[in-house]
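Have a look at the structure below before the remarks.
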Amino acid sequence: MLDAVKNFVIDLFESHRTRKVGFVTGLIAGGLILAVGFFNTIFICLCGVIGLFIGSRFDSKDDLVEKLLHKLDEVLPEKIQRW
């Protein structure tokens, strides 16, 4: 019985996979909106997207921290700069 359910779920995700992922994502987003509210859900999703962006930059071996520190040095006044 458990193997039949496992095979069914695997078949379900192999055919039209993006539709199923979209459906599950929609269910999760709807549940979050009902549980914590619309704007809190938007904030949670925004934090997730920012985390995804930062994580992908670190995975690509891009020296994000050094670039960020140099950009801050350009923007901040001289009293606050770390150099």
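By order of appearance in the structure tokens: chains A, B, ..., then residues from 1 within every chain, and ligands from 1 in the order shown.
Near stretch 45-49 of chain A, within a cut-off of 12 Å and counting only C-alpha atoms, sit the residues A:Thr25, A:Ile28, A:Ala29, A:Leu32, A:Ile33, A:Phe38, A:Phe39, A:Asn40, A:Thr41, A:Ile42, A:Leu52, A:Phe53, A:Ile54, A:Gly55, A:Ser56, with same-chain residues fewer than 3 positions away left out.
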Restricting the output to N, CA and C atoms, write the selected residues as a CSV table (one decimal), in the first residue's frame.
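Output contents, as saved in out01.csv:
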```
chain,number,residue,atom,x,y,z
A,25,THR,N,2.7,25.5,-3.9
A,25,THR,CA,3.1,26.8,-3.5
A,25,THR,C,1.9,27.7,-3.2
A,28,ILE,N,0.4,26.7,0.2
A,28,ILE,CA,1.2,27.2,1.3
A,28,ILE,C,1.0,28.7,1.4
A,29,ALA,N,1.0,29.4,0.3
A,29,ALA,CA,0.8,30.9,0.4
A,29,ALA,C,-0.6,31.2,0.9
A,32,LEU,N,-0.6,30.6,4.6
A,32,LEU,CA,0.1,31.6,5.4
A,32,LEU,C,-0.8,32.9,5.4
A,33,ILE,N,-1.5,33.2,4.3
A,33,ILE,CA,-2.3,34.4,4.3
A,33,ILE,C,-3.4,34.3,5.4
A,38,PHE,N,-2.1,39.0,5.2
A,38,PHE,CA,-1.6,39.3,3.8
A,38,PHE,C,-0.2,40.0,3.9
A,39,PHE,N,-0.1,41.1,4.6
A,39,PHE,CA,1.2,41.8,4.6
A,39,PHE,C,2.3,41.0,5.3
A,40,ASN,N,2.0,40.3,6.4
A,40,ASN,CA,3.0,39.4,7.0
A,40,ASN,C,3.5,38.4,6.0
A,41,THR,N,2.6,37.8,5.2
A,41,THR,CA,3.0,36.8,4.2
A,41,THR,C,3.9,37.5,3.2
A,42,ILE,N,3.5,38.7,2.7
A,42,ILE,CA,4.4,39.4,1.8
A,42,ILE,C,5.8,39.6,2.3
A,52,LEU,N,17.3,33.9,-0.8
A,52,LEU,CA,17.7,33.1,-2.0
A,52,LEU,C,18.7,33.9,-2.8
A,53,PHE,N,18.5,35.2,-3.0
A,53,PHE,CA,19.5,36.0,-3.8
A,53,PHE,C,20.8,35.9,-3.1
A,54,ILE,N,20.9,36.2,-1.8
A,54,ILE,CA,22.2,36.2,-1.1
A,54,ILE,C,22.8,34.9,-1.2
A,55,GLY,N,22.1,33.8,-0.9
A,55,GLY,CA,22.6,32.5,-1.0
A,55,GLY,C,23.1,32.1,-2.3
A,56,SER,N,22.4,32.5,-3.4
A,56,SER,CA,22.9,32.2,-4.7
A,56,SER,C,24.2,32.9,-5.1
```
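Here atom CA of A:Val21 stands at a distance of 24.4 Å from atom CA of A:Met1.
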